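> Next up is a structure, given as structure tokens.
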Amino acid sequence: MSHIKLELKPEQVAKIKEICKSFNNDPGELINVLHKTQETFGYLPAEVQEVVAAELNISVAKVYGVVTFYSFFTMIPKGKHPISICTGTACYVRGAEKVLDEFKRVLNVKVGETTPDGKFSLNCLRCVGACGLAPVVLIGEKVYGRVSPDGVKDIIKEYEDQ
Amino acid sequence: METVKLTIDNKQVEVPKGTTIYKAARKLGIDIPVLCYMELHDLGVENKPAGCRICVVEVEGRRNLAPSCATECAEGMVVKTHTTRVINARRTVMELILSDHPKDCLTCPKSGRCDLQDMAIKLGIREIPGQEYAEMSTYKKDFSPSIIRDVDKCIMCRRCETMCNEVQTVGALSAVNRGFMAVVAPAFEQDLEKSPCTYCGQCVAVCPTGALTEVDHTTKVIRAIADPTKTVLVQTAPAVRAALGEEFGMKPGTLVTGKMVAALRQIGFDYVFDTDFAADLTIMEEGTELLDRITRFLNGDKSVKLPILTSCCPGWVNFFEHNFTDMLDVPSSAKSPQQMFGAIAKSYFAEKLGKKREELVVVSVMPCLAKKYECQRDEFKVDGNQDVDFSISTRELAHLIKEFNINFEELPDDDFDRPLGESTGAGVIFGATGGVIEAAVRTAYEAYTGKPLPKIDFTELRGMEGIRSATIDFNGLPINIGIAHGLGNARKLLEDVRSGKANYHAIEVMACPGGCIGGGGQPLHHGNSAIIKARMEAIYREDAGKPIRKSHENPYIVKLYEEFLGKPMSEKAHHLLHTHYFSKKKDIYIK
């Protein structure tokens with residue numbers, strides 16, 4: 001879990017409330033609410049989860065349970081350009097691990113970490129449903145197919161000035 | 001009612017549509033083993049995450065094995081519960097569960113009462129292949145004042161989660177993380193102390209393994225008894241006598257009051273007293289407060305808050321301190337019987353003995369784990385010295401009796417010491433849901449009307465229904481009474497009060513289903529509500545057999561007021577017997 005202590009500003013609280021309200025504060029929509037919230041904040045720190053729990057009238061423990069169950073959700077702030085490497089079966093057999101190792105080497109971070117300049121974070125996920133393009137890498141919402149270890153540096157270069 | 005016919009182990013059975021295979025088999029006398037499954041019939045609660053897969057059976061025509069606890073019967077189904085395939089699968093499942101489970105059974109506090117251990121025995125597990133590949137989780141133990149969490153022993157049955165969320169609506173626990181690291185924990189894996197936990201102990205009562213256990217104070221009690229400079233007093237809660245016998249193989253509902261007193265004396269307590277005495281005292285204070293509030297209300301005093309809520313139950317007190325912080329002036333300010341006893345023992349009784357409070361050690365035997373927390377609250381200390389030094393559960397007392405080589409069954413009956421051991425039937429019924437308010441009515445009625453009660457038994461206030469209400473006629477003045485047991489029911493009732501939907505003068509709340517007799521410190525009932533009902537009958541039997549059944553007629557209570565306190569709600573009584581409440585809600589996000 002994250003140990004970063006955060007104080008939410010009133011406008012941030014208002015934003016979370018607005019997201020919850022757009023799903024009618026329905027506890028059954030928890031996963032959608034968390035998705036949308038993570039999209040807005042980049043990650044789901046404890047304080048954010050507490051607001052969501054209060055708004056949906058469910059326990060914070062339950063929200064935390066869902067956040068820790070689904071690998072998509074994170075309590076660590078993501079980089080400006082979150083890199084996700086698919087290690088699902090198809091990507092894995094087509095060499096995803098070597099691609100991952102190359103990202104780790106070039107960026108000098110481990111899986112789940114963010115570069116010190118806050119630019120890139122590295123994560124794995126399981127199957128994005130584009131197995132025909134294996135191995136697949138996502139940066140932000142942009143999809144890179146048939147990535148080879150040699151191509152990693154070029155991909156990173158695209159974001160260097162952004 | 002629509003029914004389906006099916007065959008289980010070559011026997012025909014007809015069951016209502018929607019019945020699970022597990023239940024249909026039970027009807028035939030076939031006990032399919034279950035581990036995560038739990039049914040609390042009277043509460044309408046069923047825990048069936050179908051997570052452990054111990055209960056799998058073979059269904060003809062179905063490709064995979066079916067979890068019988070969660071699979072509904074279908075017309076013409078042919079089920080086999082003990083084929084080689086099933087038995088192999090069950091053993092494999094068990095071996096996998098055990099592969100990452102700690103192997104310290106010899107010293108585990110749940111040893112001998114552990115469902116996982118029992119299942120390993122039943123399934124004849126002799127080795128655990130593959131454990132070298134299992135990843136042992138390494139969570140730190142979490143010590144709260146009442147409950148110890150050792151979640152490396154969690155098998156994810158999620159029974160505690162059901163109790164904490166569905167029955168109690170406390171929301172302290174949830175399943176977190178994945179794979180070998182999956183456990184049940186509070187939010188952000190913080191300690192229980194930082195969660196909204198009320199220490200009701202219902203999670204401990206249903207945990208099949210040593211993942212959730214109570215904080216054990218028996219060693220501290222043994223040391224206090226052995227210390228020649230200390231005078232050690234013990235008080236026993238009403239519900240203990242109705243359940244302690246179960247730990248010695250007696251039938252649920254066996255009253256063991258006399259044997260319990262004899263055993264405590266043999267253990268070496270200097271004075272064996274009764275919390276029931278303090279329950280009578282609670283009624284004097286709480287009953288007076290109730291009448292005072294009602295009278296002022298009827299006279300048009302707008303500052304009076306009604307309904308008055310009982311405050312004997314420490315789990316309930318914790319619950320409203322977390323969840324109803326806008327209503328902290330509504331509960332009675334009367335301390336619980338445990339704490340009233342401690343306060344009187346270390347003042348009035350200490351004076352009688354000519355001793356200082358520091359020379360006395362007060363031990364309580366409680367059906368409850370929240371009492372361990374309650375006696376450590378700062379409000380119940382004088383210069384750091386607790387009014388009640390140690391609170392042990394019914395289970396811990398049973399353990400103490402065994403460790404002191406006492407043959408419980410053979411013990412002759414003994415009687416409590418005086419003065420703090422004398423009690424009335426009203427004090428006894430504190431142990432069952434509805435009992436506190438019935439006791440209060442017995443006294444408040446006579447105080448208000450000045451007439452003797454036409455009948456002492458208020459059967460309309462008794463029962464097992466989660467939320468009950470009744471109107472009692474106080475000689476022309478109708479008093480509306482609400483009763484809730486189980487914190488989920490209490491929440492419903494309180495929300496109705498908050499919104500103005502419910503109109504009560506007085507409400508009794510007990511955190512545990514059934515009241516204290518179903519407390520988290522009692523012998524484990526494994527969800528069998530017949531046991532709770534038997535204990536309840538025992539409590540009312542004890543009441544009916546008492547020569548005095550109204551608190552205000554307890555001669556030693558009368559004497560206590562004459563010699564020491566003056567009258568109920570006097571300044572001295574206020575100082576010693578009343579308390580106040582705090583908001584435990586933390587304002588998390590709004591800065």
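Chain identifiers are assigned as A, B, and so on, following the order in which chains appear in the structure tokens; residues are numbered from 1 within each chain, and ligands are numbered from 1 in order of appearance.
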Compute the set of chain B residues within 9 Å of chain A, using only C-alpha atoms, and express it as a list of chain:residue names.
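Filtering chain B at 9 Å from chain A with only C-alpha atoms gives B:Asn165, B:Thr169, B:Val170, B:Gly171, B:Ala172, B:Leu173, B:Ser174, B:Ala175, B:Val176, B:Asn177, B:Arg178, B:Ala182, B:Val184, B:Ala185, B:Pro186, B:Ala187, B:Phe188, B:Glu189, B:Ser195, B:Ile588, B:Tyr589, B:Ile590, B:Lys591.
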> As a VMD selection string, please: the residues near Gly118 of chain A (cut-off 10 Å, only C-alpha atoms, same-chain neighbours under 6 positions excluded).
chain A and resid 77 to 82
> Skip Ile483 of chain B itself and residues of its chain fewer than 5 positions away, then list as an MDAnalysis selection string all residues within 12 Å of it, counting only C-alpha atoms.
chainID B and resid 307:310 432:438 460:471 489:494 504:511 513:515
> Taking only segment 104-315 of chain B into account, list the residues labelled strand (DSSP E) by DSSP (computed from the backbone), as a list in words.
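Taking segment 104-315 of chain B and keeping strand (DSSP E) gives Asp142, Phe143, Ile147, Ile148, Arg149, Ser174, Ala175, Val176, Val183, Val184, Ala185, Leu212, Thr213, Glu214, Thr231, Val232, Leu233, Val234, Gln235, Thr236, Tyr271, Val272, Phe273, Asp274, Ile308 and Leu309 of chain B.
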> For a quick check of understanding, using only C-alpha atoms, which of B:Asp473, B:Asp152, B:Asp415, B:Glu58 has the smallest distance to Thr257 of chain B?
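The shortest atom-to-atom distance to Thr257 of chain B comes from B:Asp415.
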> Would you work out the distance separating atom CA of His552 of chain B from atom CA of Pro478 of chain B, expressed in Å to one decimal?
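Distance reported for this atom pair: 22.0 Å.
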> Give the answer as one residue: which of A:Val147, A:Glu160, A:Cys86, A:Lys98 has the shortest atom-to-atom distance to Leu125 of chain A, using only C-alpha atoms?
A:Cys86
> Could you pull out the alpha helix (DSSP H) residues of segment 160-348 of chain B, going by DSSP on the backbone, and write them as a PyMOL selection string?
chain B and resi 160-162+202-206+218-226+257-267+275-298+314-323+337-344
> Using only C-alpha atoms, please write the residues we just selected to a file, as a compact mmCIF listing (two decimals), in the first residue's frame.

```
# COMPACT_ATOMS: atom_id res chain seq x y z
CA CYS B 160 -16.06 -13.20 9.68
CA GLU B 161 -16.70 -10.88 6.75
CA THR B 162 -20.34 -12.00 6.67
CA GLN B 202 -18.78 -12.22 16.44
CA CYS B 203 -15.93 -12.69 13.95
CA VAL B 204 -13.99 -14.64 16.57
CA ALA B 205 -17.10 -16.69 17.33
CA VAL B 206 -17.33 -17.95 13.74
CA THR B 218 -5.74 -15.91 32.29
CA THR B 219 -2.01 -15.76 33.06
CA LYS B 220 -2.37 -12.27 34.52
CA VAL B 221 -5.27 -13.51 36.66
CA ILE B 222 -3.22 -16.47 37.93
CA ARG B 223 -0.37 -14.10 38.88
CA ALA B 224 -2.74 -11.75 40.71
CA ILE B 225 -4.19 -14.63 42.74
CA ALA B 226 -0.69 -15.81 43.66
CA THR B 257 -24.31 -21.07 38.88
CA GLY B 258 -23.45 -23.02 42.05
CA LYS B 259 -20.64 -25.05 40.46
CA MET B 260 -19.19 -21.92 38.89
CA VAL B 261 -19.03 -20.19 42.27
CA ALA B 262 -17.43 -23.28 43.83
CA ALA B 263 -14.86 -23.46 41.04
CA LEU B 264 -13.94 -19.77 41.38
CA ARG B 265 -13.44 -20.26 45.11
CA GLN B 266 -11.18 -23.27 44.47
CA ILE B 267 -9.17 -21.28 41.96
CA THR B 275 -22.15 -8.84 38.15
CA ASP B 276 -25.90 -9.39 38.63
CA PHE B 277 -25.61 -7.26 41.76
CA ALA B 278 -24.26 -4.45 39.60
CA ALA B 279 -27.01 -5.14 37.08
CA ASP B 280 -29.52 -4.37 39.81
CA LEU B 281 -27.56 -1.20 40.51
CA THR B 282 -27.64 -0.33 36.81
CA ILE B 283 -31.42 -0.61 36.88
CA MET B 284 -31.62 1.75 39.83
CA GLU B 285 -29.62 4.37 37.93
CA GLU B 286 -30.87 3.73 34.40
CA GLY B 287 -34.49 3.25 35.50
CA THR B 288 -34.36 6.52 37.44
CA GLU B 289 -32.81 8.30 34.47
CA LEU B 290 -35.55 6.88 32.21
CA LEU B 291 -38.32 8.11 34.52
CA ASP B 292 -36.63 11.45 34.96
CA ARG B 293 -36.36 11.99 31.21
CA ILE B 294 -39.95 10.87 30.56
CA THR B 295 -41.37 13.02 33.36
CA ARG B 296 -39.46 16.07 32.21
CA PHE B 297 -40.53 15.40 28.63
CA LEU B 298 -44.19 15.14 29.63
CA PRO B 314 -19.77 -2.15 25.23
CA GLY B 315 -19.97 -3.36 21.61
CA TRP B 316 -23.07 -1.25 21.16
CA VAL B 317 -21.42 1.75 22.84
CA ASN B 318 -18.48 1.46 20.44
CA PHE B 319 -20.90 1.15 17.54
CA PHE B 320 -22.78 4.36 18.26
CA GLU B 321 -19.53 6.18 19.03
CA HIS B 322 -18.51 5.31 15.46
CA ASN B 323 -21.82 5.57 13.62
CA PRO B 337 -22.79 -3.42 35.16
CA GLN B 338 -19.15 -4.55 34.78
CA GLN B 339 -17.92 -0.99 35.33
CA MET B 340 -20.43 -0.17 38.08
CA PHE B 341 -19.19 -3.23 39.89
CA GLY B 342 -15.58 -2.14 39.53
CA ALA B 343 -16.33 1.39 40.73
CA ILE B 344 -18.26 0.18 43.80
```
> Just the residues within 12 Å of Glu113 of chain A, please, counting only C-alpha atoms, with nothing from its chain fewer than 6 positions along; format it as a ChimeraX atom specification.
/A:2,74-79,82-84,103-104,107,119-124
> Rounded to one decimal, what separation in Å do you get between atom CA of Ile30 of chain B and atom CA of Thr81 of chain B?
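Going from atom CA of Ile30 of chain B over to atom CA of Thr81 of chain B, I get 8.6 Å.
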> Find, counting only C-alpha atoms, the residue in B:Ala502, B:Ala426, B:Cys105, B:Ala66 that gets nearest to Arg541 of chain B.
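Once distances to Arg541 of chain B are computed over only C-alpha atoms, the minimum belongs to B:Ala426.
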> Write out as a PyMOL selection string which residues come within 12 Å of Leu353 of chain B when counting only C-alpha atoms, dropping same-chain ones fewer than 4 positions away.
chain B and resi 231+270-271+345-349+357+359-360+419
> Store the residues of this selection in a file with N, CA and C atoms, as an mmCIF file, in the first residue's frame.

```cif
data_model
loop_
_atom_site.group_PDB
_atom_site.id
_atom_site.type_symbol
_atom_site.label_atom_id
_atom_site.label_comp_id
_atom_site.auth_asym_id
_atom_site.auth_seq_id
_atom_site.Cartn_x
_atom_site.Cartn_y
_atom_site.Cartn_z
ATOM 1 N N THR B 231 -5.769 -8.467 47.165
ATOM 2 C CA THR B 231 -7.064 -9.101 47.423
ATOM 3 C C THR B 231 -7.786 -9.163 46.081
ATOM 4 N N ASP B 270 -10.423 -14.325 46.385
ATOM 5 C CA ASP B 270 -10.727 -14.022 47.784
ATOM 6 C C ASP B 270 -12.221 -13.776 47.989
ATOM 7 N N TYR B 271 -12.838 -13.145 47.003
ATOM 8 C CA TYR B 271 -14.281 -12.901 47.087
ATOM 9 C C TYR B 271 -14.920 -13.256 45.746
ATOM 10 N N ALA B 345 -16.695 -1.688 43.911
ATOM 11 C CA ALA B 345 -15.744 -2.572 44.587
ATOM 12 C C ALA B 345 -14.536 -1.790 45.076
ATOM 13 N N LYS B 346 -14.056 -0.866 44.239
ATOM 14 C CA LYS B 346 -12.833 -0.149 44.605
ATOM 15 C C LYS B 346 -13.102 1.138 45.393
ATOM 16 N N SER B 347 -14.373 1.350 45.785
ATOM 17 C CA SER B 347 -14.666 2.479 46.677
ATOM 18 C C SER B 347 -15.364 1.940 47.928
ATOM 19 N N TYR B 348 -16.634 1.648 47.795
ATOM 20 C CA TYR B 348 -17.471 1.180 48.909
ATOM 21 C C TYR B 348 -16.892 -0.072 49.573
ATOM 22 N N PHE B 349 -16.593 -1.080 48.752
ATOM 23 C CA PHE B 349 -16.125 -2.343 49.334
ATOM 24 C C PHE B 349 -14.692 -2.213 49.864
ATOM 25 N N ARG B 357 -7.483 1.141 46.997
ATOM 26 C CA ARG B 357 -7.943 0.547 45.742
ATOM 27 C C ARG B 357 -6.822 -0.209 45.030
ATOM 28 N N GLU B 359 -4.728 -2.080 46.285
ATOM 29 C CA GLU B 359 -4.524 -3.413 46.864
ATOM 30 C C GLU B 359 -5.560 -4.416 46.361
ATOM 31 N N LEU B 360 -6.579 -3.916 45.707
ATOM 32 C CA LEU B 360 -7.611 -4.808 45.177
ATOM 33 C C LEU B 360 -7.379 -5.079 43.698
ATOM 34 N N PRO B 419 -21.372 -8.477 50.340
ATOM 35 C CA PRO B 419 -22.648 -7.929 49.863
ATOM 36 C C PRO B 419 -22.763 -7.878 48.332
#
```
> To one decimal in Å, tell me the separation between atom CA of His575 of chain B and atom CA of Lys305 of chain B.
21.2 Å
> Would you pick out the contacts of Ile32 of chain B at 10 Å or less, using only C-alpha atoms, so that residues sharing its chain but fewer than 2 positions from it are not included, and give the list as a ChimeraX atom specification?
/B:21-23,25-26,29-30,34,54-57,68-69,81-82
